[in-house]
Amino acid sequence: MKLAVIGTGYVGLVSGVCFSDLGNDVTCVDKLSEKIELLQRGEVPIYEPGLKELIEKNTEAGRLRFTTDLTAAVQHADIVILAVGTPSLPNGEANLTYIMGAAREIALSINGPKVIMTKSTVPVGTNEKIENEFRQFSLHPVSIASVPEFLREGSAVRDTMNPDRIIIGTTSDKARQMIEELHRPLTDQILFTDVRSAEMIKYASNAFLATKISFINEIANICEKVGADVTLVAEGMGHDKRIGSSFLKAGIGYGGSCFPKDTQALIQIAGHVDYEFKLLKSVVEVNRDQRFNVIRKLETILDDLSGKTIAIWGLAFKPETDDVRDSPAFEIITSLLQRGAVVKAYDPIATDNFRQNLEHAKVKYCHSAKDAAQNADALCVLTEWKEFRNISPTEIQAWLARPNLIDGRNIYTEEELENTGLVYYSVGRPN
Ligand code: UGA
């Protein structure tokens with residue numbers, strides 16, 4: 001099948017590359033010429049395991065190409081995939097400027113009937129607006145479908161190639177049949193819905209996962225007070241198939257480009273129809289507060305943080321990515337600076353991205369975990385990178401000026417900490 005993918009962000013780039021690997025002919029389009037030139041040279045603008053190799057392989061095979069020429073790409077395609085960003089507006093609503101702009105451009109460019117498949121996360125009703133755009137600006141009939149994306153950063157290629165399910169929201173038989181054919185090699189779990197339900201499934205799924213995280217974080221906070229261990233509690237809960245064990249890892253709260261944005265957007269979507277989504281508002285509030293537990297624990301140990309040197313391990317919002325969007329590390333480091341602390345920070349790959357957003361005389365970005373920890377008054381682990389797990393607590397103690405370790409992701413076990421003399425605070429476990 002011939003595909004044009006509009007937008008080479010996480011969703012567009014990974015989907016386009018994976019579809020080409022399945023044997024389809026894929027043209028990825030972006031307005032940013034620097035990004036397209038980079039991709040044409042075989043370089044990848046994001047860090048995502050396995051992606052570079054797949055780009056090389058499929059570009060060489062002639063199935064994958066990158067261009068800024070939207071018109072040529074959509075005219076060549078059977079299916080046009082919309083995968084442009086829908087970032088948050090200041091009030092939390094999704095900004096539809098880019099997606100409606102792209103729809104207009106496609107409408108003005110097409111030279112025959114097309115299937116338009118929206119992968120961007122869009123508020124309920126947006127695909128109908130897109131359809132109207134085509135009615136108004138195109139002479140050719142189009143079939144619209146909402147096919148939301150569920151890939152995670154850091155395992156995006158694996159998730160795309162092995163999806164739990166594919167949702168195809170459309171009323172058009174043609175779109176249904178072509179999109180089903182495109183996805184059949186990936187899974188048998190294909191659910192057909194109407195367009196609005198497909199749009200809602202995406203938000204509801206992310207909101208539910210965010211709810212699980214805030215729920216377990218509150219259980220963790222209670223565990224700390226009653227002397228229970230949240231990792232055992234989560235394990236015990238997870239054996240119940242109705243609950244499931246995933247997304248029950250307590251920590252410093254969720255970040256990234258999706259959960260914070262999509263939870264806010266869903267609150268807004270509900271608000272527009274006069275419904276107050278109370279549960280989700282609390283999920284967001286719990287998440288905001290959870291990151292400050294790190295500060296509270298530091299203050300318990302060190303009292304006044306002014307003039308203290310705090311080491312930070314992990315700046316990315318999660319491991320295996322260089323993405324720092326809405327990373328809890330921003331608020332934690334900013335709070336430390338407000339309290340007069342000096343920060344030494346290290347991340348295996350996200351440092352440059354983080355530094356672009358936070359340059360400060362009292363933040364030193366370090367080249368190694370050891371460099372950051374050396375002579376600090378306390379160390380905080382904010383991202384569970386494997387590299388950190390492989391460093392022994394004994395080593396950490398030797399590097400630190402004072403033996404204080406705040407483990408925001410529960411990467412160490414009680415046994416590893418025994419006999420080390422480290423003052424150790426984790427999340428929701430007896431200390
Ligand atoms: C999330 C969803 O998991 C994907 O299904 C969805 O496609 C994507 O958003 C999106 O909407 O594009 P992602 O943001 O890449 O994916 O990362 P996750 O692995 O879901 O992690 C999100 C945040 O939750 C991270 O900060 C992570 O540290 C945190 N988290 C996750 C926890 O604190 N505890 C957990 O048990 C799981």
# chains A, B, ... in the order shown; residues from 1 in each chain; ligands from 1
>>> residues_around(residues="segment 232-245 of chain A", least_positions_apart="5", cutoff="9 Å", atoms="only C-alpha atoms", output="list in words")
Ile216, Ile219, Ala220, Cys223 and Ala250 of chain A
>>> closest_atom_pairs(of="chain A", to="ligand 1", cutoff="9 Å", atoms="only C-alpha atoms and all ligand atoms", output="tab-separated table")
residue	atom	partner	partner_atom_place_in_ligand_line	distance
A:Tyr10	CA	ligand 1	12 (O)	8.0
A:Val11	CA	ligand 1	12 (O)	7.2
A:Ser120	CA	ligand 1	12 (O)	8.7
A:Thr121	CA	ligand 1	11 (O)	7.2
A:Pro148	CA	ligand 1	7 (O)	8.2
A:Glu149	CA	ligand 1	7 (O)	5.3
A:Phe150	CA	ligand 1	7 (O)	3.1
A:Leu151	CA	ligand 1	7 (O)	4.0
A:Arg152	CA	ligand 1	15 (O)	3.5
A:Glu153	CA	ligand 1	15 (O)	3.7
A:Gly154	CA	ligand 1	15 (O)	6.8
A:Ser155	CA	ligand 1	15 (O)	8.0
A:Ala156	CA	ligand 1	15 (O)	7.7
A:Asp159	CA	ligand 1	5 (O)	8.6
A:Lys202	CA	ligand 1	11 (O)	7.4
A:Tyr203	CA	ligand 1	11 (O)	8.0
A:Ser205	CA	ligand 1	5 (O)	7.5
A:Asn206	CA	ligand 1	2 (C)	6.0
A:Leu209	CA	ligand 1	3 (O)	7.2
A:Ala210	CA	ligand 1	24 (O)	7.0
A:Lys212	CA	ligand 1	36 (O)	7.6
A:Ile213	CA	ligand 1	34 (N)	5.3
A:Ser214	CA	ligand 1	33 (O)	8.1
A:Ile216	CA	ligand 1	36 (O)	8.2
A:Asn217	CA	ligand 1	33 (O)	8.2
A:Ser245	CA	ligand 1	36 (O)	8.6
A:Ser246	CA	ligand 1	36 (O)	6.0
A:Phe247	CA	ligand 1	36 (O)	3.1
A:Leu248	CA	ligand 1	36 (O)	4.1
A:Lys249	CA	ligand 1	36 (O)	3.5
A:Ala250	CA	ligand 1	34 (N)	5.6
A:Gly251	CA	ligand 1	33 (O)	5.3
A:Ile252	CA	ligand 1	33 (O)	6.5
A:Gly253	CA	ligand 1	33 (O)	4.9
A:Tyr254	CA	ligand 1	26 (O)	3.6
A:Gly255	CA	ligand 1	26 (O)	3.9
A:Gly256	CA	ligand 1	14 (O)	5.0
A:Ser257	CA	ligand 1	14 (O)	5.9
A:Cys258	CA	ligand 1	11 (O)	4.4
A:Phe259	CA	ligand 1	9 (O)	5.8
A:Pro260	CA	ligand 1	14 (O)	8.7
A:Lys261	CA	ligand 1	11 (O)	8.8
A:Asp262	CA	ligand 1	11 (O)	7.3
A:Ala316	CA	ligand 1	26 (O)	8.4
A:Phe317	CA	ligand 1	26 (O)	4.7
A:Lys318	CA	ligand 1	28 (O)	4.7
A:Pro319	CA	ligand 1	28 (O)	7.8
A:Thr321	CA	ligand 1	15 (O)	8.8
A:Asp326	CA	ligand 1	26 (O)	8.5
A:Ser327	CA	ligand 1	26 (O)	6.9
A:Pro328	CA	ligand 1	26 (O)	7.7
A:Thr383	CA	ligand 1	28 (O)	7.3
A:Glu384	CA	ligand 1	28 (O)	8.2
A:Arg409	CA	ligand 1	33 (O)	8.0
>>> residues_around(residues="Lys281 of chain A", least_positions_apart="3", cutoff="9 Å", atoms="only C-alpha atoms", output="list in words")
Thr263, Gln264, Ile267, Glu276, Phe277, Lys278, Val284, Glu285 and Val286 of chain A
>>> closest_residue(among="A:Glu131, A:Gly7, A:Asn431, A:Glu414", to="Glu224 of chain A", atoms="only C-alpha atoms")
A:Asn431
>>> residues_around(residues="Leu13 of chain A", least_positions_apart="5", cutoff="10 Å", atoms="only C-alpha atoms", output="list in words")
Val5, Ile6, Gly7, Thr8, Cys18, Phe19, Cys28, Val29, Asp30, Leu39, Val44, Pro45, Ile46, Leu51, Ile55, Phe66 and Ala83 of chain A
>>> residues_around(residues="Arg65 of chain A", least_positions_apart="4", cutoff="12 Å", atoms="only C-alpha atoms", output="ChimeraX atom specification")
/A:2-5,8,13,16-17,20,24-30,36-42,55-61,69,73
>>> write_last_selection(atoms="N, CA and C atoms", output="compact mmCIF listing (two decimals), in the first residue's frame")
# COMPACT_ATOMS: atom_id res chain seq x y z
N LYS A 2 0.37 2.31 -0.60
CA LYS A 2 1.17 3.55 -0.63
C LYS A 2 0.65 4.49 0.47
N LEU A 3 1.58 4.93 1.33
CA LEU A 3 1.18 5.75 2.46
C LEU A 3 1.93 7.08 2.46
N ALA A 4 1.22 8.14 2.85
CA ALA A 4 1.89 9.42 3.15
C ALA A 4 1.64 9.69 4.63
N VAL A 5 2.72 9.92 5.38
CA VAL A 5 2.56 10.19 6.81
C VAL A 5 2.89 11.66 7.04
N THR A 8 6.51 14.14 11.42
CA THR A 8 7.54 13.14 11.76
C THR A 8 7.95 13.25 13.23
N LEU A 13 6.78 9.35 12.82
CA LEU A 13 8.03 8.74 12.37
C LEU A 13 8.04 7.23 12.65
N GLY A 16 5.40 5.42 10.45
CA GLY A 16 5.81 5.39 9.05
C GLY A 16 6.91 4.36 8.83
N VAL A 17 7.90 4.40 9.70
CA VAL A 17 9.04 3.49 9.55
C VAL A 17 8.57 2.04 9.70
N SER A 20 6.67 0.84 6.70
CA SER A 20 7.56 0.54 5.57
C SER A 20 8.22 -0.81 5.78
N ASN A 24 5.19 -1.79 3.00
CA ASN A 24 4.45 -0.70 2.35
C ASN A 24 5.41 0.36 1.82
N ASP A 25 4.89 1.16 0.89
CA ASP A 25 5.67 2.25 0.31
C ASP A 25 5.31 3.52 1.08
N VAL A 26 6.28 4.07 1.84
CA VAL A 26 5.94 5.14 2.78
C VAL A 26 6.72 6.44 2.50
N THR A 27 5.99 7.55 2.44
CA THR A 27 6.64 8.86 2.35
C THR A 27 6.30 9.63 3.62
N CYS A 28 7.33 10.00 4.38
CA CYS A 28 7.11 10.79 5.60
C CYS A 28 7.31 12.26 5.27
N VAL A 29 6.35 13.08 5.70
CA VAL A 29 6.37 14.50 5.35
C VAL A 29 6.47 15.35 6.61
N ASP A 30 7.29 16.38 6.55
CA ASP A 30 7.32 17.36 7.65
C ASP A 30 7.62 18.73 7.05
N ILE A 36 13.85 17.03 8.02
CA ILE A 36 13.79 16.16 6.85
C ILE A 36 15.20 15.91 6.31
N GLU A 37 16.03 16.96 6.27
CA GLU A 37 17.41 16.77 5.79
C GLU A 37 18.18 15.80 6.68
N LEU A 38 17.95 15.94 7.98
CA LEU A 38 18.59 15.03 8.96
C LEU A 38 18.19 13.58 8.66
N LEU A 39 16.88 13.38 8.48
CA LEU A 39 16.38 12.02 8.23
C LEU A 39 16.88 11.50 6.88
N GLN A 40 16.97 12.39 5.91
CA GLN A 40 17.49 11.97 4.60
C GLN A 40 18.94 11.51 4.69
N ARG A 41 19.68 12.10 5.65
CA ARG A 41 21.08 11.69 5.85
C ARG A 41 21.19 10.43 6.69
N GLY A 42 20.04 9.90 7.13
CA GLY A 42 20.04 8.68 7.94
C GLY A 42 20.19 8.95 9.42
N ILE A 55 15.23 2.57 9.89
CA ILE A 55 15.23 3.65 8.89
C ILE A 55 16.25 3.32 7.80
N GLU A 56 17.43 2.93 8.25
CA GLU A 56 18.50 2.58 7.28
C GLU A 56 18.04 1.47 6.34
N LYS A 57 17.53 0.39 6.96
CA LYS A 57 17.13 -0.79 6.19
C LYS A 57 16.07 -0.45 5.14
N ASN A 58 15.03 0.28 5.55
CA ASN A 58 13.91 0.52 4.64
C ASN A 58 14.17 1.64 3.64
N THR A 59 15.06 2.58 4.02
CA THR A 59 15.44 3.61 3.05
C THR A 59 16.24 2.94 1.93
N GLU A 60 17.16 2.08 2.34
CA GLU A 60 17.98 1.37 1.34
C GLU A 60 17.13 0.51 0.42
N ALA A 61 16.08 -0.09 1.01
CA ALA A 61 15.21 -0.96 0.21
C ALA A 61 14.29 -0.15 -0.70
N ASP A 69 7.69 17.95 0.64
CA ASP A 69 6.70 18.17 -0.42
C ASP A 69 5.41 17.38 -0.13
N ALA A 73 3.56 13.93 -2.00
CA ALA A 73 3.41 12.74 -1.15
C ALA A 73 1.95 12.29 -1.08
>>> select_by_dssp(residues="segment 106-289 of chain A", states="strand (DSSP E or B)", output="PyMOL selection string")
chain A and resi 114-118+142-146+166-169+190-193
>>> write_last_selection(atoms="N, CA and C atoms", output="PDB file, in the first residue's frame")
ATOM      1  N   LYS A 114      -9.230   9.529  -1.423  1.00  0.00           N
ATOM      2  CA  LYS A 114      -8.187   9.067  -0.487  1.00  0.00           C
ATOM      3  C   LYS A 114      -8.838   8.602   0.810  1.00  0.00           C
ATOM      4  N   VAL A 115      -8.076   7.781   1.527  1.00  0.00           N
ATOM      5  CA  VAL A 115      -8.455   7.453   2.899  1.00  0.00           C
ATOM      6  C   VAL A 115      -7.589   8.323   3.803  1.00  0.00           C
ATOM      7  N   ILE A 116      -8.221   9.034   4.719  1.00  0.00           N
ATOM      8  CA  ILE A 116      -7.486   9.889   5.666  1.00  0.00           C
ATOM      9  C   ILE A 116      -7.585   9.242   7.038  1.00  0.00           C
ATOM     10  N   MET A 117      -6.424   8.879   7.574  1.00  0.00           N
ATOM     11  CA  MET A 117      -6.416   8.134   8.840  1.00  0.00           C
ATOM     12  C   MET A 117      -5.729   9.006   9.900  1.00  0.00           C
ATOM     13  N   THR A 118      -6.466   9.387  10.945  1.00  0.00           N
ATOM     14  CA  THR A 118      -5.902  10.270  11.965  1.00  0.00           C
ATOM     15  C   THR A 118      -5.287   9.452  13.094  1.00  0.00           C
ATOM     16  N   VAL A 142     -13.285  11.832   0.301  1.00  0.00           N
ATOM     17  CA  VAL A 142     -12.328  11.171   1.204  1.00  0.00           C
ATOM     18  C   VAL A 142     -13.108  10.344   2.225  1.00  0.00           C
ATOM     19  N   SER A 143     -12.425   9.299   2.727  1.00  0.00           N
ATOM     20  CA  SER A 143     -13.007   8.476   3.796  1.00  0.00           C
ATOM     21  C   SER A 143     -12.152   8.701   5.027  1.00  0.00           C
ATOM     22  N   ILE A 144     -12.808   9.120   6.117  1.00  0.00           N
ATOM     23  CA  ILE A 144     -12.071   9.501   7.322  1.00  0.00           C
ATOM     24  C   ILE A 144     -12.103   8.364   8.339  1.00  0.00           C
ATOM     25  N   ALA A 145     -10.966   8.165   9.025  1.00  0.00           N
ATOM     26  CA  ALA A 145     -10.943   7.173  10.110  1.00  0.00           C
ATOM     27  C   ALA A 145     -10.084   7.688  11.249  1.00  0.00           C
ATOM     28  N   SER A 146     -10.496   7.367  12.476  1.00  0.00           N
ATOM     29  CA  SER A 146      -9.664   7.671  13.644  1.00  0.00           C
ATOM     30  C   SER A 146      -9.015   6.368  14.087  1.00  0.00           C
ATOM     31  N   ILE A 166      -5.739  -2.775  17.897  1.00  0.00           N
ATOM     32  CA  ILE A 166      -5.842  -1.660  16.940  1.00  0.00           C
ATOM     33  C   ILE A 166      -7.299  -1.209  16.961  1.00  0.00           C
ATOM     34  N   ILE A 167      -7.495   0.090  17.098  1.00  0.00           N
ATOM     35  CA  ILE A 167      -8.852   0.637  17.090  1.00  0.00           C
ATOM     36  C   ILE A 167      -9.065   1.336  15.749  1.00  0.00           C
ATOM     37  N   ILE A 168     -10.088   0.940  15.033  1.00  0.00           N
ATOM     38  CA  ILE A 168     -10.392   1.607  13.762  1.00  0.00           C
ATOM     39  C   ILE A 168     -11.789   2.220  13.875  1.00  0.00           C
ATOM     40  N   GLY A 169     -11.796   3.546  13.967  1.00  0.00           N
ATOM     41  CA  GLY A 169     -13.075   4.246  14.117  1.00  0.00           C
ATOM     42  C   GLY A 169     -13.471   4.884  12.808  1.00  0.00           C
ATOM     43  N   ILE A 190      -8.404  -6.435  16.399  1.00  0.00           N
ATOM     44  CA  ILE A 190      -8.828  -5.179  15.766  1.00  0.00           C
ATOM     45  C   ILE A 190     -10.278  -4.909  16.168  1.00  0.00           C
ATOM     46  N   LEU A 191     -10.485  -3.720  16.721  1.00  0.00           N
ATOM     47  CA  LEU A 191     -11.843  -3.361  17.152  1.00  0.00           C
ATOM     48  C   LEU A 191     -12.345  -2.234  16.256  1.00  0.00           C
ATOM     49  N   PHE A 192     -13.513  -2.449  15.666  1.00  0.00           N
ATOM     50  CA  PHE A 192     -14.101  -1.412  14.815  1.00  0.00           C
ATOM     51  C   PHE A 192     -15.116  -0.616  15.621  1.00  0.00           C
ATOM     52  N   THR A 193     -15.005   0.698  15.533  1.00  0.00           N
ATOM     53  CA  THR A 193     -15.932   1.544  16.295  1.00  0.00           C
ATOM     54  C   THR A 193     -16.388   2.714  15.413  1.00  0.00           C
TER      55      THR A 193
END
